[in-house]
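Reproduced below: work02.txt, with compact mmCIF, C-alpha atoms.
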```
# COMPACT_ATOMS: atom_id res chain seq x y z
CA MET A 1 8.00 7.20 -29.36
CA PRO A 2 9.62 6.59 -32.75
CA ALA A 3 12.84 8.36 -33.68
CA PRO A 4 12.40 11.87 -35.06
CA SER A 5 11.75 11.83 -38.80
CA LEU A 6 12.99 15.27 -39.85
CA SER A 7 16.29 16.98 -39.42
CA LEU A 8 16.42 20.64 -38.51
CA ALA A 9 18.37 21.30 -41.72
CA GLU A 10 15.65 19.62 -43.82
CA LEU A 11 13.00 21.62 -42.04
CA GLY A 12 14.89 24.86 -42.54
CA GLY A 13 15.02 24.26 -46.28
CA LEU A 14 11.29 23.85 -46.71
CA ASP A 15 9.10 26.47 -48.34
CA GLU A 16 6.30 27.88 -46.19
CA ARG A 17 3.62 25.43 -47.35
CA ARG A 18 5.78 22.35 -46.71
CA PHE A 19 7.00 23.77 -43.37
CA VAL A 20 3.40 24.25 -42.26
CA ASP A 21 2.49 20.78 -43.55
CA ALA A 22 5.33 19.33 -41.46
CA LEU A 23 4.66 21.29 -38.25
CA GLY A 24 1.04 22.37 -38.45
CA SER A 25 -0.12 19.56 -36.16
CA LEU A 26 2.08 20.70 -33.27
CA PHE A 27 -0.64 23.16 -32.25
CA GLU A 28 -4.06 21.49 -32.33
CA HIS A 29 -5.96 22.47 -35.50
CA SER A 30 -3.98 25.74 -35.65
CA PRO A 31 -1.45 25.75 -38.51
CA TRP A 32 -1.26 29.55 -38.25
CA VAL A 33 1.30 29.13 -35.44
CA ALA A 34 3.70 27.30 -37.77
CA GLU A 35 3.01 29.87 -40.51
CA ALA A 36 4.03 32.70 -38.19
CA ALA A 37 7.11 30.84 -36.94
CA TRP A 38 8.30 30.09 -40.50
CA ARG A 39 8.96 33.79 -40.98
CA ARG A 40 11.43 33.71 -38.07
CA ARG A 41 13.90 31.30 -39.79
CA PRO A 42 16.66 30.21 -39.60
CA PHE A 43 16.68 28.06 -36.48
CA GLY A 44 19.98 26.93 -34.97
CA SER A 45 18.38 24.32 -32.71
CA VAL A 46 15.11 22.62 -32.00
CA ALA A 47 14.89 24.84 -28.89
CA GLU A 48 15.12 27.95 -31.10
CA LEU A 49 12.41 26.56 -33.37
CA HIS A 50 10.19 25.86 -30.37
CA ALA A 51 10.85 29.37 -29.03
CA ALA A 52 9.77 30.84 -32.39
CA LEU A 53 6.60 28.73 -32.35
CA GLU A 54 5.80 29.71 -28.76
CA LEU A 55 6.47 33.39 -29.48
CA ALA A 56 4.13 33.24 -32.48
CA MET A 57 1.42 31.79 -30.22
CA ARG A 58 1.99 34.30 -27.41
CA GLU A 59 2.17 37.34 -29.71
CA ALA A 60 -1.15 36.47 -31.35
CA PRO A 61 -4.17 38.59 -30.44
CA ARG A 62 -6.07 37.27 -27.41
CA GLU A 63 -9.03 36.12 -29.52
CA ARG A 64 -6.69 34.05 -31.71
CA GLN A 65 -5.16 32.54 -28.58
CA LEU A 66 -8.63 31.65 -27.32
CA GLU A 67 -9.41 29.99 -30.67
CA LEU A 68 -6.26 27.90 -30.22
CA ILE A 69 -7.25 26.94 -26.68
CA ARG A 70 -10.78 26.05 -27.81
CA ALA A 71 -9.37 23.91 -30.64
CA HIS A 72 -8.12 21.42 -28.03
CA PRO A 73 -10.28 18.44 -27.12
CA GLU A 74 -11.53 17.75 -23.64
CA LEU A 75 -9.60 15.09 -21.75
CA ALA A 76 -11.38 11.76 -22.29
CA GLY A 77 -14.25 13.80 -23.69
CA ARG A 78 -16.62 13.51 -26.62
CA GLU A 79 -13.87 13.44 -29.29
CA ALA A 80 -12.06 10.64 -27.45
CA GLN A 81 -15.25 8.63 -27.07
CA GLN A 82 -16.12 9.15 -30.75
CA ARG A 83 -12.51 8.37 -31.74
CA THR A 84 -12.14 11.69 -33.58
CA LEU A 85 -9.08 12.98 -31.72
CA THR A 86 -6.02 13.88 -33.74
CA ARG A 87 -3.43 11.12 -33.84
CA GLU A 88 -1.20 13.16 -31.51
CA SER A 89 -3.94 13.84 -28.93
CA SER A 90 -5.04 10.23 -29.01
CA LYS A 91 -1.50 9.02 -28.23
CA GLU A 92 -1.02 11.61 -25.50
CA GLN A 93 -4.29 10.81 -23.75
CA ALA A 94 -3.61 7.08 -24.05
CA SER A 95 -0.12 7.52 -22.58
CA VAL A 96 -1.67 8.28 -19.17
CA GLY A 97 -4.56 5.86 -19.44
CA LEU A 98 -7.32 8.32 -20.30
CA ASP A 99 -8.51 5.79 -22.87
CA ARG A 100 -8.89 3.15 -20.14
CA LEU A 101 -10.80 4.94 -17.39
CA THR A 102 -13.19 3.16 -15.07
CA ALA A 103 -16.82 4.29 -15.14
CA ASP A 104 -16.23 6.30 -11.94
CA GLU A 105 -13.08 7.97 -13.31
CA LEU A 106 -14.88 8.82 -16.56
CA GLU A 107 -17.75 10.36 -14.61
CA THR A 108 -15.35 12.35 -12.41
CA LEU A 109 -13.43 13.67 -15.40
CA GLY A 110 -16.68 14.42 -17.22
CA ARG A 111 -17.90 16.51 -14.28
CA LEU A 112 -14.53 18.29 -14.09
CA ASN A 113 -14.56 19.02 -17.83
CA ALA A 114 -18.09 20.44 -17.61
CA ALA A 115 -17.35 22.58 -14.55
CA TYR A 116 -14.15 23.89 -16.10
CA ARG A 117 -15.78 24.71 -19.45
CA ASP A 118 -18.73 26.39 -17.68
CA ARG A 119 -16.37 28.52 -15.58
CA PHE A 120 -13.81 29.51 -18.23
CA GLY A 121 -15.45 28.96 -21.63
CA PHE A 122 -12.78 26.61 -22.96
CA PRO A 123 -11.52 23.09 -22.26
CA LEU A 124 -9.15 22.12 -19.48
CA ILE A 125 -5.75 21.76 -21.12
CA VAL A 126 -3.05 19.70 -19.48
CA CYS A 127 0.18 18.37 -20.99
CA ALA A 128 -0.89 14.79 -20.34
CA ARG A 129 2.58 13.37 -20.93
CA GLU A 130 3.75 15.17 -17.78
CA HIS A 131 0.96 13.76 -15.58
CA THR A 132 -0.95 10.74 -14.38
CA LYS A 133 -4.72 10.50 -14.65
CA ASP A 134 -4.96 11.19 -10.91
CA SER A 135 -2.73 14.26 -11.07
CA ILE A 136 -4.70 15.59 -14.06
CA ILE A 137 -7.93 15.39 -12.08
CA ALA A 138 -6.39 16.88 -8.92
CA TRP A 139 -4.75 19.76 -10.80
CA GLY A 140 -7.91 20.39 -12.80
CA VAL A 141 -9.97 20.68 -9.63
CA ALA A 142 -7.39 23.06 -8.11
CA ARG A 143 -7.40 25.19 -11.27
CA LEU A 144 -11.12 25.88 -10.89
CA ALA A 145 -10.15 28.41 -8.19
CA HIS A 146 -8.11 30.51 -10.66
CA SER A 147 -9.24 33.58 -12.56
CA ARG A 148 -9.99 33.32 -16.26
CA GLU A 149 -6.84 35.28 -17.13
CA GLN A 150 -4.72 32.94 -15.00
CA GLU A 151 -6.24 29.97 -16.77
CA ILE A 152 -5.64 31.44 -20.22
CA ASP A 153 -1.98 31.87 -19.31
CA ILE A 154 -1.76 28.35 -17.86
CA ALA A 155 -3.49 26.88 -20.93
CA LEU A 156 -1.02 28.63 -23.26
CA GLY A 157 1.85 27.30 -21.16
CA GLU A 158 0.46 23.77 -21.35
CA ILE A 159 0.00 24.11 -25.12
CA ALA A 160 3.65 25.21 -25.40
CA LYS A 161 4.72 22.11 -23.42
CA ILE A 162 2.61 19.85 -25.64
CA ALA A 163 4.13 21.43 -28.76
CA ARG A 164 7.67 21.06 -27.36
CA LEU A 165 7.16 17.33 -26.79
CA ARG A 166 5.52 16.85 -30.20
CA LEU A 167 8.38 18.76 -31.82
CA ALA A 168 10.98 16.57 -30.08
CA ASP A 169 9.16 13.51 -31.45
CA LEU A 170 9.28 14.93 -34.97
CA VAL A 171 12.52 16.87 -35.42
CA GLU A 172 16.03 15.61 -34.78
CA GLU A 173 18.35 17.92 -32.86
CA PRO A 174 21.52 18.71 -34.86
CA SER A 175 24.67 17.03 -33.54
```
What would you get if you wrote out this structure as structure tokens?
Amino acid sequence: MPAPSLSLAELGGLDERRFVDALGSLFEHSPWVAEAAWRRRPFGSVAELHAALELAMREAPRERQLELIRAHPELAGREAQQRTLTRESSKEQASVGLDRLTADELETLGRLNAAYRDRFGFPLIVCAREHTKDSIIAWGVARLAHSREQEIDIALGEIAKIARLRLADLVEEPS
């Protein structure tokens, strides 16, 4: 990953629109999370900024949280095949080889995605950068045994991890 391009001080000095422009992509197609976090300034560290972002996500009404979860693409799914993933999602899926699956692996993941979406009504979300393609599939299969509420909580946790890693790529920790 390239070196972070923003300092925390620069970020803290931005007006709301520029702050959201800078951080809106941390949460897939959901700039409202950055909007809500902006109101919690100032941030003394990147960890504090991430905590504000995560709190904004977790304090949102359940329907808004479900919209956020549903905004995520399936792993190696239609968006990946049509090359319409966000730049961030594309890099994350590629980092574990989801862009280079064999026909059998693609079929297996396709069946898992379909079963998961049928059971829970939203896509399987995994912080790909913390997994391998094999561990994604194994964990996804195991998660099918969970309740919908458990999976909503797990999905939000995975989204928070994804955002933390994206934030670390973007914002330099003060020295």
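If you measure from each of A:Ala36, A:Leu109, A:Ala163, A:Ala138 to Ser89 (chain A) using only C-alpha atoms, the closest one turns out to be A:Ala163.
A distance cut-off of 6 Å around (-8.1, 18.4, -33.8), counting all atoms listed in the file, selects these protein and nucleic acid residues: Glu28, His29, Leu85 and Thr86 of chain A.
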Generate the output file for the selected residues, C-alpha atoms, as a PDB file, keeping the file's coordinate frame.
```pdb
ATOM      1  CA  GLU A  28      -4.060  21.490 -32.330  1.00  0.00           C
ATOM      2  CA  HIS A  29      -5.960  22.470 -35.500  1.00  0.00           C
ATOM      3  CA  LEU A  85      -9.080  12.980 -31.720  1.00  0.00           C
ATOM      4  CA  THR A  86      -6.020  13.880 -33.740  1.00  0.00           C
TER       5      THR A  86
END
```
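Using only C-alpha atoms, the protein and nucleic acid residues lying no more than 12 Å from region 97-104 of chain A, apart from those fewer than 5 places from it along its own chain, are Glu74, Leu75, Ala76, Gly77, Arg78, Glu79, Ala80, Gln81, Gln82, Arg83, Leu85, Ser89, Ser90, Lys91, Glu92, Leu109, Gly110, Arg111, Ala128, Arg129, His131, Thr132, Lys133, Asp134, Ser135, Ile136 and Ile137 of chain A.
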So the first atom is CA of Leu23 (chain A) and the second is CA of Leu167 (chain A); what is the distance between them in Å, to one decimal place?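 Between CA of Leu23 (chain A) and CA of Leu167 (chain A) the gap works out to 7.8 Å.
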(9.7, 12.9, -33.6) in this file's frame - what residues fall within 12 Å of it? Use all atoms listed in the file and give the answer as a ChimeraX atom specification. /A:1-8,22-23,26,46,88,163-173
When you look at region 53-65 of chain A with a cut-off of 10 Å (counting only C-alpha atoms), what residues show up, excluding the ones that are within fewer than 3 positions of it in the same chain? I need them as a PyMOL selection string. chain A and resi 23+26-27+30+32-40+47-50+68-71+152-153+155-157+159-161+163-164
Among the residues A:Gly140, A:Pro123, A:Gly12, A:Pro73, the one that comes closest to Gly44 (chain A) [using only C-alpha atoms]: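 Between A:Gly140, A:Pro123, A:Gly12, A:Pro73, the residue approaching Gly44 (chain A) most closely is A:Gly12.
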Point-to-point distance in Å for CA of Phe43 (chain A) and CA of Gly13 (chain A): 10.6 Å
Could you jot down the CA of Tyr116 (chain A) to CA of Leu144 (chain A) separation for me, Å, one decimal place? 6.3 Å
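Ranking A:Ala94, A:Arg18, A:Ala51, A:Glu151 by their shortest atom-to-atom distance to Arg119 (chain A), with all atoms listed in the file included, puts A:Glu151 first.
Using all atoms listed in the file, the smallest distance between any of A:Glu10, A:Asp15, A:Glu130, A:Val141 and Thr108 (chain A) comes from A:Val141.
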Compare A:Ala52, A:Leu66, A:Val96, A:Leu112 by their minimum atom-to-atom distance to Cys127 (chain A), counting all atoms listed in the file, and give me the closest one.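 The closest residue to Cys127 (chain A) is A:Val96.
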Measuring between all atoms listed in the file, which one of A:Ser175, A:Ser147, A:Thr84, A:Asn113 shows the shortest distance to Ala9 (chain A)? A:Ser175
